[in-house]
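Chemist: mmCIF, C-alpha atoms, saved as work.cif, coming up:
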data_upload
#
loop_
_atom_site.label_atom_id
_atom_site.label_comp_id
_atom_site.auth_asym_id
_atom_site.auth_seq_id
_atom_site.Cartn_x
_atom_site.Cartn_y
_atom_site.Cartn_z
CA MET X 1 0.00 0.00 0.00
CA LYS X 2 1.31 3.42 -0.92
CA LYS X 3 2.13 5.70 2.02
CA ILE X 4 2.44 9.46 2.38
CA ILE X 5 4.21 10.80 5.48
CA VAL X 6 3.10 14.24 6.68
CA PRO X 7 5.18 15.64 9.57
CA THR X 8 3.20 17.88 11.91
CA ASP X 9 3.93 20.08 14.91
CA PHE X 10 0.23 21.07 15.10
CA SER X 11 0.90 24.47 13.50
CA PRO X 12 -1.20 26.01 10.69
CA VAL X 13 1.49 25.30 8.09
CA SER X 14 1.40 21.63 9.09
CA ASP X 15 -2.35 21.64 8.50
CA VAL X 16 -1.74 22.92 4.97
CA ALA X 17 0.62 19.98 4.41
CA ILE X 18 -1.98 17.57 5.79
CA ARG X 19 -4.65 18.95 3.47
CA TYR X 20 -2.33 18.64 0.46
CA GLY X 21 -1.21 15.15 1.50
CA ALA X 22 -4.83 14.05 1.85
CA GLU X 23 -5.61 15.27 -1.66
CA LEU X 24 -2.60 13.37 -3.04
CA ALA X 25 -3.69 10.27 -1.15
CA ALA X 26 -7.21 10.45 -2.50
CA SER X 27 -5.99 10.61 -6.10
CA THR X 28 -3.25 7.97 -5.78
CA GLY X 29 -4.93 5.42 -3.52
CA SER X 30 -2.45 6.08 -0.72
CA THR X 31 -2.71 6.28 3.06
CA VAL X 32 -1.69 9.36 5.05
CA HIS X 33 0.50 8.88 8.11
CA LEU X 34 0.82 11.90 10.40
CA LEU X 35 4.24 12.03 12.01
CA HIS X 36 5.09 13.96 15.17
CA ILE X 37 8.61 14.09 16.62
CA VAL X 38 9.14 14.45 20.39
CA LYS X 39 12.44 15.14 22.08
CA ASN X 40 11.99 12.76 25.01
CA GLU X 41 10.28 9.43 25.60
CA SER X 42 8.42 10.99 28.52
CA ASP X 43 6.60 13.24 26.04
CA ARG X 44 5.23 10.35 23.98
CA ALA X 45 1.90 9.71 25.76
CA ALA X 46 0.74 13.33 25.72
CA ALA X 47 1.89 13.77 22.13
CA GLN X 48 0.07 10.60 21.06
CA LYS X 49 -3.22 11.91 22.47
CA LYS X 50 -2.76 15.25 20.72
CA LEU X 51 -1.82 13.55 17.46
CA ASP X 52 -4.81 11.21 17.62
CA ASP X 53 -7.06 14.25 18.10
CA LYS X 54 -5.42 15.94 15.11
CA ALA X 55 -5.88 12.82 12.99
CA ALA X 56 -9.58 12.64 13.90
CA GLU X 57 -10.02 16.36 13.14
CA GLN X 58 -8.29 16.11 9.77
CA THR X 59 -10.05 12.88 8.83
CA LYS X 60 -13.34 14.70 9.29
CA ALA X 61 -12.11 17.79 7.42
CA THR X 62 -10.57 15.97 4.43
CA GLY X 63 -12.55 12.75 4.25
CA GLN X 64 -9.25 10.85 4.18
CA GLU X 65 -8.42 8.45 7.01
CA MET X 66 -5.25 9.43 8.91
CA LYS X 67 -2.87 7.09 10.70
CA THR X 68 -0.38 8.33 13.33
CA ILE X 69 3.31 7.85 14.13
CA ILE X 70 5.22 9.22 17.13
CA ALA X 71 9.03 9.20 16.99
CA VAL X 72 11.61 10.31 19.55
CA GLY X 73 14.48 12.35 18.19
CA ASN X 74 14.82 15.42 15.99
CA ILE X 75 13.09 16.51 12.81
CA PHE X 76 16.24 16.58 10.66
CA ASP X 77 17.19 12.95 11.22
CA ASP X 78 13.92 11.30 12.07
CA ILE X 79 11.57 12.56 9.36
CA PRO X 80 13.72 10.91 6.64
CA GLN X 81 14.35 7.85 8.80
CA VAL X 82 10.69 7.22 9.60
CA ALA X 83 9.77 7.64 5.94
CA ALA X 84 12.41 5.09 4.97
CA ASP X 85 11.39 2.65 7.73
CA GLN X 86 7.75 2.94 6.69
CA LYS X 87 8.70 2.44 3.03
CA ALA X 88 6.82 5.62 2.22
CA GLU X 89 6.63 6.87 -1.36
CA MET X 90 6.25 10.58 -0.52
CA ILE X 91 6.76 13.10 2.27
CA VAL X 92 4.60 16.24 2.28
CA MET X 93 6.14 18.88 4.52
CA GLY X 94 5.29 22.46 5.44
CA THR X 95 7.69 25.39 5.54
CA HIS X 96 6.96 29.00 6.44
CA GLY X 97 9.67 30.57 4.34
CA MET X 98 12.65 32.26 5.92
CA THR X 99 11.28 33.96 9.04
CA GLY X 100 8.82 33.49 11.85
CA MET X 101 7.88 30.75 14.27
CA GLN X 102 7.06 27.83 12.04
CA PHE X 103 7.54 24.12 11.60
CA ILE X 104 10.69 24.17 9.45
CA LEU X 105 12.50 27.20 8.07
CA GLY X 106 13.11 27.30 4.34
CA SER X 107 16.85 26.79 4.75
CA ASN X 108 16.41 23.95 7.24
CA ALA X 109 13.88 22.23 5.01
CA LEU X 110 16.81 21.50 2.70
CA ARG X 111 18.54 19.68 5.57
CA VAL X 112 15.62 17.29 5.79
CA ILE X 113 15.43 16.88 2.01
CA THR X 114 19.14 16.12 1.73
CA GLU X 115 18.85 13.25 4.23
CA SER X 116 15.77 11.76 2.58
CA THR X 117 15.68 8.80 0.22
CA VAL X 118 12.00 9.62 -0.33
CA PRO X 119 10.74 12.32 -2.73
CA MET X 120 9.20 15.32 -0.98
CA VAL X 121 6.58 17.95 -1.68
CA ILE X 122 7.09 21.25 0.14
CA VAL X 123 4.14 23.58 0.81
CA GLN X 124 3.91 26.90 2.64
CA HIS X 125 1.52 28.42 5.15
CA HIS X 126 -0.30 30.36 2.41
CA THR X 127 -0.36 27.56 -0.19
CA THR X 128 -3.87 27.24 -1.62
CA HIS X 129 -3.03 25.15 -4.67
CA SER X 130 -4.90 21.90 -5.10
CA ALA X 131 -3.05 18.62 -5.41
CA THR X 132 -5.03 18.05 -8.60
CA ILE X 133 -2.17 19.06 -10.88
CA ARG X 134 -2.89 20.50 -14.32
CA LYS X 135 0.38 22.29 -15.08
CA LEU X 136 3.82 21.19 -13.92
CA LEU X 137 6.99 23.29 -14.27
CA LEU X 138 10.19 21.39 -14.99
CA PRO X 139 13.36 23.52 -14.82
CA LEU X 140 16.28 21.98 -16.70
CA ASP X 141 19.91 22.80 -15.97
CA LEU X 142 23.31 21.16 -16.50
CA HIS X 143 23.05 18.69 -13.64
CA GLN X 144 23.87 15.11 -14.59
CA ASP X 145 20.92 13.68 -12.65
CA THR X 146 18.29 15.86 -14.30
CA LYS X 147 16.73 12.78 -15.94
CA GLN X 148 15.60 11.59 -12.48
CA LYS X 149 13.15 14.45 -12.07
CA LEU X 150 11.98 14.03 -15.66
CA LYS X 151 10.80 10.51 -14.86
CA MET X 152 8.93 11.66 -11.76
CA ALA X 153 7.43 14.65 -13.59
CA CYS X 154 6.14 12.30 -16.29
CA ASP X 155 4.51 10.06 -13.67
CA VAL X 156 2.74 13.10 -12.21
CA ALA X 157 1.68 14.34 -15.64
CA GLU X 158 0.29 10.94 -16.63
CA ARG X 159 -1.61 10.58 -13.35
CA TYR X 160 -3.40 13.91 -13.72
CA GLY X 161 -3.35 14.47 -17.47
CA ALA X 162 -1.14 17.49 -16.76
CA GLU X 163 0.86 19.63 -19.16
CA VAL X 164 4.62 19.86 -18.53
CA HIS X 165 6.29 23.23 -18.99
CA ILE X 166 10.04 22.80 -19.60
CA ILE X 167 12.00 25.93 -18.68
CA SER X 168 15.71 26.63 -19.02
CA PRO X 169 17.96 29.71 -18.83
CA LYS X 170 19.67 31.48 -21.68
CA VAL X 171 23.41 30.86 -21.44
CA SER X 172 26.18 32.46 -23.47
CA ASP X 173 28.88 29.82 -22.94
CA GLU X 174 28.86 27.55 -25.99
CA TRP X 175 29.52 24.33 -24.05
CA GLU X 176 26.78 25.07 -21.51
CA HIS X 177 24.39 26.12 -24.28
CA ASN X 178 24.95 22.90 -26.20
CA LYS X 179 24.52 20.74 -23.08
CA LEU X 180 21.31 22.54 -22.13
CA GLU X 181 19.98 22.05 -25.64
CA ARG X 182 20.74 18.33 -25.42
CA ASN X 183 18.96 18.08 -22.05
CA VAL X 184 15.92 19.91 -23.39
CA ALA X 185 15.84 17.79 -26.55
CA TYR X 186 16.05 14.62 -24.46
CA ALA X 187 13.20 15.84 -22.23
CA GLU X 188 11.04 16.70 -25.22
CA GLY X 189 11.66 13.30 -26.77
CA PHE X 190 10.89 11.53 -23.50
CA LEU X 191 7.61 13.44 -23.11
CA GLU X 192 6.64 12.74 -26.72
CA MET X 193 7.37 9.03 -26.23
CA ARG X 194 5.01 9.01 -23.24
CA LYS X 195 2.44 11.13 -25.14
CA ILE X 196 2.49 13.95 -22.59
CA ALA X 197 1.63 17.50 -23.64
CA TYR X 198 4.41 20.02 -23.07
CA LYS X 199 5.68 23.52 -23.73
CA THR X 200 9.32 24.65 -23.88
CA ILE X 201 10.39 28.05 -22.56
CA VAL X 202 13.82 29.69 -22.58
CA THR X 203 14.04 32.67 -20.26
CA ASP X 204 15.74 35.93 -21.23
CA ALA X 205 17.84 35.83 -18.06
CA GLY X 206 21.07 33.95 -17.64
CA ALA X 207 22.07 31.97 -14.54
CA SER X 208 21.96 34.95 -12.19
CA GLY X 209 18.36 35.85 -12.98
CA PHE X 210 16.98 32.45 -13.86
CA VAL X 211 15.19 31.66 -10.60
CA LYS X 212 13.49 35.06 -10.59
CA ASP X 213 12.28 34.54 -14.17
CA LEU X 214 11.31 30.94 -13.43
CA LEU X 215 9.10 31.98 -10.51
CA LYS X 216 7.65 34.88 -12.47
CA TYR X 217 6.70 32.47 -15.24
CA ALA X 218 5.26 29.97 -12.75
CA ARG X 219 2.89 32.61 -11.40
CA TYR X 220 1.98 33.88 -14.90
CA ALA X 221 1.30 30.38 -16.28
CA GLU X 222 -0.65 29.32 -13.17
CA ILE X 223 1.67 26.41 -12.48
CA ASP X 224 0.40 23.90 -9.89
CA LEU X 225 3.69 22.16 -9.05
CA ILE X 226 7.40 22.85 -9.59
CA CYS X 227 9.70 19.82 -9.82
CA ILE X 228 13.38 20.28 -8.90
CA MET X 229 16.47 18.39 -7.81
CA ASN X 230 18.15 19.24 -4.51
CA THR X 231 21.80 19.96 -5.31
CA ALA X 232 22.41 22.35 -2.39
CA GLU X 233 24.82 20.05 -0.58
CA GLU X 234 27.06 19.65 -3.62
CA ARG X 235 28.19 23.29 -3.48
CA LEU X 236 28.08 23.44 -7.26
CA VAL X 237 27.59 26.55 -9.33
CA HIS X 238 25.07 25.22 -11.79
CA ALA X 239 22.66 26.93 -14.12
CA PHE X 240 20.22 27.86 -11.35
CA GLY X 241 22.70 29.47 -8.97
CA VAL X 242 23.92 28.05 -5.66
CA ASP X 243 20.93 29.05 -3.52
CA SER X 244 18.25 28.30 -6.09
CA GLU X 245 16.58 25.44 -4.20
CA GLN X 246 15.98 27.61 -1.14
CA LYS X 247 14.50 30.42 -3.24
CA ILE X 248 12.23 28.06 -5.12
CA ILE X 249 10.79 26.18 -2.13
CA THR X 250 10.05 29.50 -0.40
CA ASN X 251 8.58 31.16 -3.50
CA GLU X 252 6.24 34.09 -2.84
CA ALA X 253 3.37 32.53 -4.80
CA ALA X 254 3.50 29.53 -2.42
CA ILE X 255 3.44 27.08 -5.32
CA PRO X 256 4.11 23.54 -4.04
CA VAL X 257 7.56 22.21 -4.93
CA MET X 258 8.41 18.56 -5.46
CA VAL X 259 12.05 17.82 -4.64
CA LEU X 260 14.17 14.78 -5.41
CA ASN X 261 17.54 14.17 -3.83
CA PRO X 262 20.08 13.10 -6.49
CA ALA X 263 22.20 11.36 -3.86
CA HIS X 264 19.72 8.50 -4.08
CA THR X 265 18.53 6.54 -7.10
CA TYR X 266 14.96 7.23 -8.12
CA VAL X 267 13.06 4.02 -8.89
CA ASP X 268 10.13 4.27 -11.29
CA SER X 269 8.22 1.45 -9.61
CA LYS X 270 8.12 3.32 -6.29
CA SER X 271 6.58 6.48 -7.72
CA ILE X 272 3.40 7.29 -5.85
CA PHE X 273 2.01 8.62 -9.12
CA ALA X 274 2.75 5.59 -11.28
CA GLN X 275 -0.31 4.04 -12.87
#
Now that the file is in, can you turn its structure into structure tokens?
Modeler:
Amino acid sequence: MKKIIVPTDFSPVSDVAIRYGAELAASTGSTVHLLHIVKNESDRAAAQKKLDDKAAEQTKATGQEMKTIIAVGNIFDDIPQVAADQKAEMIVMGTHGMTGMQFILGSNALRVITESTVPMVIVQHHTTHSATIRKLLLPLDLHQDTKQKLKMACDVAERYGAEVHIISPKVSDEWEHNKLERNVAYAEGFLEMRKIAYKTIVTDAGASGFVKDLLKYARYAEIDLICIMNTAEERLVHAFGVDSEQKIITNEAAIPVMVLNPAHTYVDSKSIFAQ
């Protein structure tokens, strides 16, 4: 049975993640498991009661049955570990951007992502987008693992009959330009082979302005989901810029972002969206 893990600290941004996770579960035949992390074993009983109440509340609100998991530890290590132990196919996690008292800060969300072998969807406190995805934005850069996110994006597109928007930056370096063109051509061919509708966009900006243009386009085109790779830990200067992941997951339009970690091999058969 497919599983979606939704970490919660009982904050409003966690409730947004629960709502989104429930919508994903309803469309993919999955079960939602609410996860709460406590620091000490002595906190378990009280936390379990509160989590059970939250599960009952959200089951009534969403119509999707919620299961519960309590773990002792810290959010950075134990969210990825629980997801792996549970053989989950997806984590849906809330972030409140870069400031404020919230579940996970935008920068720290990348710490959780980097440790995870499970794909993640990141939402924000003001995310209103439905998990019924009609338009998916797929940024392409020079990264060698970019084909991983293409496979996942295709699974999403096939599940929902969505249109994939391929976007890449304009680059002046001939080698980079040629490699980007090859990546885009491969993506287009892959989408055509799977009979998925797509559009291809090249922004006017180069690497330094690409994320800004990408997010501007996402708002303009009414994108429902952005699919990226997490390369933050590699310290590479790639086509997006070194802090691109953080900017994208905390985007002002609060568009949900699906993130894959290239440190781990993506397996088609484990995609929550696979038919």
Chemist: Decode the PyMOL selection byres ((chain X and resi 182-198) around 10) for the given file into explicit residues and return them as a CSV table (one decimal) with C-alpha atoms, in the coordinates of the input.
Modeler:
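result.csv written:
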chain,number,residue,atom,x,y,z
X,135,LYS,CA,0.4,22.3,-15.1
X,136,LEU,CA,3.8,21.2,-13.9
X,137,LEU,CA,7.0,23.3,-14.3
X,138,LEU,CA,10.2,21.4,-15.0
X,139,PRO,CA,13.4,23.5,-14.8
X,140,LEU,CA,16.3,22.0,-16.7
X,141,ASP,CA,19.9,22.8,-16.0
X,142,LEU,CA,23.3,21.2,-16.5
X,143,HIS,CA,23.0,18.7,-13.6
X,144,GLN,CA,23.9,15.1,-14.6
X,146,THR,CA,18.3,15.9,-14.3
X,147,LYS,CA,16.7,12.8,-15.9
X,150,LEU,CA,12.0,14.0,-15.7
X,151,LYS,CA,10.8,10.5,-14.9
X,153,ALA,CA,7.4,14.6,-13.6
X,154,CYS,CA,6.1,12.3,-16.3
X,155,ASP,CA,4.5,10.1,-13.7
X,157,ALA,CA,1.7,14.3,-15.6
X,158,GLU,CA,0.3,10.9,-16.6
X,161,GLY,CA,-3.4,14.5,-17.5
X,162,ALA,CA,-1.1,17.5,-16.8
X,163,GLU,CA,0.9,19.6,-19.2
X,164,VAL,CA,4.6,19.9,-18.5
X,165,HIS,CA,6.3,23.2,-19.0
X,166,ILE,CA,10.0,22.8,-19.6
X,167,ILE,CA,12.0,25.9,-18.7
X,168,SER,CA,15.7,26.6,-19.0
X,176,GLU,CA,26.8,25.1,-21.5
X,177,HIS,CA,24.4,26.1,-24.3
X,178,ASN,CA,25.0,22.9,-26.2
X,179,LYS,CA,24.5,20.7,-23.1
X,180,LEU,CA,21.3,22.5,-22.1
X,181,GLU,CA,20.0,22.0,-25.6
X,199,LYS,CA,5.7,23.5,-23.7
X,200,THR,CA,9.3,24.6,-23.9
X,201,ILE,CA,10.4,28.0,-22.6
Chemist: For this structure, which residues satisfy the selection - the PyMOL selection byres ((chain X and resi 212) around 10) - when it is evaluated on the file as given? I want them as a PDB file with C-alpha atoms, keeping the file's coordinate frame.
Modeler:
ATOM      1  CA  THR X 203      14.040  32.670 -20.260  1.00  0.00           C
ATOM      2  CA  ALA X 205      17.840  35.830 -18.060  1.00  0.00           C
ATOM      3  CA  ALA X 207      22.070  31.970 -14.540  1.00  0.00           C
ATOM      4  CA  SER X 208      21.960  34.950 -12.190  1.00  0.00           C
ATOM      5  CA  GLY X 209      18.360  35.850 -12.980  1.00  0.00           C
ATOM      6  CA  PHE X 210      16.980  32.450 -13.860  1.00  0.00           C
ATOM      7  CA  VAL X 211      15.190  31.660 -10.600  1.00  0.00           C
ATOM      8  CA  ASP X 213      12.280  34.540 -14.170  1.00  0.00           C
ATOM      9  CA  LEU X 214      11.310  30.940 -13.430  1.00  0.00           C
ATOM     10  CA  LEU X 215       9.100  31.980 -10.510  1.00  0.00           C
ATOM     11  CA  LYS X 216       7.650  34.880 -12.470  1.00  0.00           C
ATOM     12  CA  TYR X 217       6.700  32.470 -15.240  1.00  0.00           C
ATOM     13  CA  ALA X 218       5.260  29.970 -12.750  1.00  0.00           C
ATOM     14  CA  PHE X 240      20.220  27.860 -11.350  1.00  0.00           C
ATOM     15  CA  SER X 244      18.250  28.300  -6.090  1.00  0.00           C
ATOM     16  CA  LYS X 247      14.500  30.420  -3.240  1.00  0.00           C
ATOM     17  CA  ILE X 248      12.230  28.060  -5.120  1.00  0.00           C
ATOM     18  CA  ASN X 251       8.580  31.160  -3.500  1.00  0.00           C
TER      19      ASN X 251
END
Chemist: Could you expand the PyMOL selection byres ((chain X and resi 88) around 7) into the explicit residues it covers here, written as an mmCIF file with C-alpha atoms, in the coordinates of the input?
Modeler:
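Output file out_22.cif is given in full below:
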data_model
loop_
_atom_site.group_PDB
_atom_site.id
_atom_site.type_symbol
_atom_site.label_atom_id
_atom_site.label_comp_id
_atom_site.auth_asym_id
_atom_site.auth_seq_id
_atom_site.Cartn_x
_atom_site.Cartn_y
_atom_site.Cartn_z
ATOM 1 C CA LYS X 2 1.310 3.420 -0.920
ATOM 2 C CA LYS X 3 2.130 5.700 2.020
ATOM 3 C CA ILE X 4 2.440 9.460 2.380
ATOM 4 C CA ILE X 5 4.210 10.800 5.480
ATOM 5 C CA ALA X 83 9.770 7.640 5.940
ATOM 6 C CA ALA X 84 12.410 5.090 4.970
ATOM 7 C CA GLN X 86 7.750 2.940 6.690
ATOM 8 C CA LYS X 87 8.700 2.440 3.030
ATOM 9 C CA GLU X 89 6.630 6.870 -1.360
ATOM 10 C CA MET X 90 6.250 10.580 -0.520
#
Chemist: Considering all atoms listed in the file, state which residue in the set X:Pro169, X:Gly63, X:Gly94, X:Gly206 is at the smallest distance from Val6 (chain X).
Modeler: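 Among X:Pro169, X:Gly63, X:Gly94, X:Gly206, it is X:Gly94 that comes nearest to Val6 (chain X).
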Chemist: Tell me which protein, DNA and RNA residues are within 7 Å of Thr8 (chain X), counting only C-alpha atoms, leaving out same-chain ones fewer than 5 positions away, and put them as a PyMOL selection string.
Modeler: chain X and resi 14+34-36
Chemist: Quick one: everything within 12 Å of Thr128 (chain X), counting all atoms listed in the file, minus sequence neighbours fewer than 3 positions away in the same chain. Send it as a list in words.
Modeler: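 Residues near the query, excluding close chain neighbours: Val13, Asp15, Val16, Ala17, Arg19, Tyr20, Val123, Gln124, His125, Ala131, Thr132, Asp224, Leu225, Ala253, Ala254, Ile255 and Pro256 of chain X.
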Chemist: Between CA of Thr95 (chain X) and CA of Thr114 (chain X), what is the distance, to one decimal in Å?
Modeler: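 Answer for the CA of Thr95 (chain X) to CA of Thr114 (chain X) separation: 15.2 Å.
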Chemist: Measuring between all atoms listed in the file, which one of X:Pro119, X:Gly21, X:Pro12, X:Gly73 shows the shortest distance to Ile37 (chain X)?
Modeler: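 So, comparing all the options, the nearest one is X:Gly73.
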Chemist: Rank X:Ala46, X:Ala274, X:Asn261, X:Glu222 by their smallest atom-to-atom distance to Val118 (chain X), using only C-alpha atoms, and report the top residue only.
Modeler: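 Smallest separation from Val118 (chain X) among the options: X:Asn261.
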Chemist: In Å, rounded to a single decimal, give me how far CA of Leu24 (chain X) is from CA of Ile223 (chain X).
Modeler: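 About the pair CA of Ile223 (chain X) and CA of Leu24 (chain X): they are 16.7 Å apart.
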Chemist: For Val112 (chain X), which residue out of X:Thr250, X:Ser11, X:Gln48, X:Gln81 is the nearest one, using all atoms listed in the file?
Modeler: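 Of X:Thr250, X:Ser11, X:Gln48, X:Gln81, the one nearest Val112 (chain X) is X:Gln81, counting all atoms listed in the file.
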Chemist: Just how far from CA of Lys50 (chain X) is CA of Ser27 (chain X), in Å to one decimal?
Modeler: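 Computing it gives 27.4 Å between the two atoms.
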Chemist: Starting from the incomplete input, reconstruct N, CA and C atoms of region 189-216 of chain X and report them as a PDB file, in the coordinates of the input.
Modeler:
ATOM      1  N   GLY X 189      11.829  14.622 -26.184  1.00  0.00           N
ATOM      2  CA  GLY X 189      11.660  13.300 -26.770  1.00  0.00           C
ATOM      3  C   GLY X 189      11.025  12.322 -25.792  1.00  0.00           C
ATOM      4  N   PHE X 190      11.431  12.408 -24.532  1.00  0.00           N
ATOM      5  CA  PHE X 190      10.890  11.530 -23.500  1.00  0.00           C
ATOM      6  C   PHE X 190       9.395  11.791 -23.308  1.00  0.00           C
ATOM      7  N   LEU X 191       9.023  13.070 -23.272  1.00  0.00           N
ATOM      8  CA  LEU X 191       7.610  13.440 -23.110  1.00  0.00           C
ATOM      9  C   LEU X 191       6.798  13.006 -24.320  1.00  0.00           C
ATOM     10  N   GLU X 192       7.354  13.165 -25.507  1.00  0.00           N
ATOM     11  CA  GLU X 192       6.640  12.740 -26.720  1.00  0.00           C
ATOM     12  C   GLU X 192       6.449  11.228 -26.728  1.00  0.00           C
ATOM     13  N   MET X 193       7.466  10.489 -26.282  1.00  0.00           N
ATOM     14  CA  MET X 193       7.370   9.030 -26.230  1.00  0.00           C
ATOM     15  C   MET X 193       6.241   8.596 -25.295  1.00  0.00           C
ATOM     16  N   ARG X 194       6.062   9.347 -24.207  1.00  0.00           N
ATOM     17  CA  ARG X 194       5.010   9.010 -23.240  1.00  0.00           C
ATOM     18  C   ARG X 194       3.699   9.746 -23.520  1.00  0.00           C
ATOM     19  N   LYS X 195       3.659  10.445 -24.669  1.00  0.00           N
ATOM     20  CA  LYS X 195       2.440  11.130 -25.140  1.00  0.00           C
ATOM     21  C   LYS X 195       1.911  12.130 -24.109  1.00  0.00           C
ATOM     22  N   ILE X 196       2.828  12.928 -23.575  1.00  0.00           N
ATOM     23  CA  ILE X 196       2.490  13.950 -22.590  1.00  0.00           C
ATOM     24  C   ILE X 196       2.617  15.322 -23.234  1.00  0.00           C
ATOM     25  N   ALA X 197       1.599  16.151 -23.084  1.00  0.00           N
ATOM     26  CA  ALA X 197       1.630  17.500 -23.640  1.00  0.00           C
ATOM     27  C   ALA X 197       2.689  18.335 -22.928  1.00  0.00           C
ATOM     28  N   TYR X 198       3.371  19.203 -23.690  1.00  0.00           N
ATOM     29  CA  TYR X 198       4.410  20.020 -23.070  1.00  0.00           C
ATOM     30  C   TYR X 198       4.596  21.330 -23.827  1.00  0.00           C
ATOM     31  N   LYS X 199       5.221  22.271 -23.132  1.00  0.00           N
ATOM     32  CA  LYS X 199       5.680  23.520 -23.730  1.00  0.00           C
ATOM     33  C   LYS X 199       7.138  23.698 -23.333  1.00  0.00           C
ATOM     34  N   THR X 200       7.913  24.370 -24.175  1.00  0.00           N
ATOM     35  CA  THR X 200       9.320  24.650 -23.880  1.00  0.00           C
ATOM     36  C   THR X 200       9.536  26.151 -23.841  1.00  0.00           C
ATOM     37  N   ILE X 201      10.154  26.615 -22.749  1.00  0.00           N
ATOM     38  CA  ILE X 201      10.390  28.050 -22.560  1.00  0.00           C
ATOM     39  C   ILE X 201      11.859  28.267 -22.248  1.00  0.00           C
ATOM     40  N   VAL X 202      12.474  29.246 -22.913  1.00  0.00           N
ATOM     41  CA  VAL X 202      13.820  29.690 -22.580  1.00  0.00           C
ATOM     42  C   VAL X 202      13.711  31.118 -22.068  1.00  0.00           C
ATOM     43  N   THR X 203      14.168  31.346 -20.853  1.00  0.00           N
ATOM     44  CA  THR X 203      14.040  32.670 -20.260  1.00  0.00           C
ATOM     45  C   THR X 203      15.059  33.627 -20.879  1.00  0.00           C
ATOM     46  N   ASP X 204      14.798  34.915 -20.739  1.00  0.00           N
ATOM     47  CA  ASP X 204      15.740  35.930 -21.230  1.00  0.00           C
ATOM     48  C   ASP X 204      16.946  36.044 -20.316  1.00  0.00           C
ATOM     49  N   ALA X 205      16.763  35.681 -19.042  1.00  0.00           N
ATOM     50  CA  ALA X 205      17.840  35.830 -18.060  1.00  0.00           C
ATOM     51  C   ALA X 205      18.844  34.693 -18.164  1.00  0.00           C
ATOM     52  N   GLY X 206      20.062  34.974 -17.777  1.00  0.00           N
ATOM     53  CA  GLY X 206      21.070  33.950 -17.640  1.00  0.00           C
ATOM     54  C   GLY X 206      20.974  33.315 -16.265  1.00  0.00           C
ATOM     55  N   ALA X 207      22.079  32.696 -15.811  1.00  0.00           N
ATOM     56  CA  ALA X 207      22.070  31.970 -14.540  1.00  0.00           C
ATOM     57  C   ALA X 207      21.680  32.866 -13.370  1.00  0.00           C
ATOM     58  N   SER X 208      22.178  34.089 -13.349  1.00  0.00           N
ATOM     59  CA  SER X 208      21.960  34.950 -12.190  1.00  0.00           C
ATOM     60  C   SER X 208      20.501  35.347 -12.001  1.00  0.00           C
ATOM     61  N   GLY X 209      19.761  35.442 -13.089  1.00  0.00           N
ATOM     62  CA  GLY X 209      18.360  35.850 -12.980  1.00  0.00           C
ATOM     63  C   GLY X 209      17.369  34.765 -13.294  1.00  0.00           C
ATOM     64  N   PHE X 210      17.850  33.531 -13.409  1.00  0.00           N
ATOM     65  CA  PHE X 210      16.980  32.450 -13.860  1.00  0.00           C
ATOM     66  C   PHE X 210      15.868  32.131 -12.875  1.00  0.00           C
ATOM     67  N   VAL X 211      16.207  32.023 -11.588  1.00  0.00           N
ATOM     68  CA  VAL X 211      15.190  31.660 -10.600  1.00  0.00           C
ATOM     69  C   VAL X 211      14.092  32.714 -10.541  1.00  0.00           C
ATOM     70  N   LYS X 212      14.481  33.973 -10.604  1.00  0.00           N
ATOM     71  CA  LYS X 212      13.490  35.060 -10.590  1.00  0.00           C
ATOM     72  C   LYS X 212      12.549  34.932 -11.787  1.00  0.00           C
ATOM     73  N   ASP X 213      13.108  34.693 -12.975  1.00  0.00           N
ATOM     74  CA  ASP X 213      12.280  34.540 -14.170  1.00  0.00           C
ATOM     75  C   ASP X 213      11.437  33.267 -14.111  1.00  0.00           C
ATOM     76  N   LEU X 214      12.023  32.211 -13.578  1.00  0.00           N
ATOM     77  CA  LEU X 214      11.310  30.940 -13.430  1.00  0.00           C
ATOM     78  C   LEU X 214      10.057  31.126 -12.564  1.00  0.00           C
ATOM     79  N   LEU X 215      10.228  31.780 -11.419  1.00  0.00           N
ATOM     80  CA  LEU X 215       9.100  31.980 -10.510  1.00  0.00           C
ATOM     81  C   LEU X 215       8.078  32.954 -11.068  1.00  0.00           C
ATOM     82  N   LYS X 216       8.563  33.955 -11.801  1.00  0.00           N
ATOM     83  CA  LYS X 216       7.650  34.880 -12.470  1.00  0.00           C
ATOM     84  C   LYS X 216       6.802  34.139 -13.489  1.00  0.00           C
TER      85      LYS X 216
END
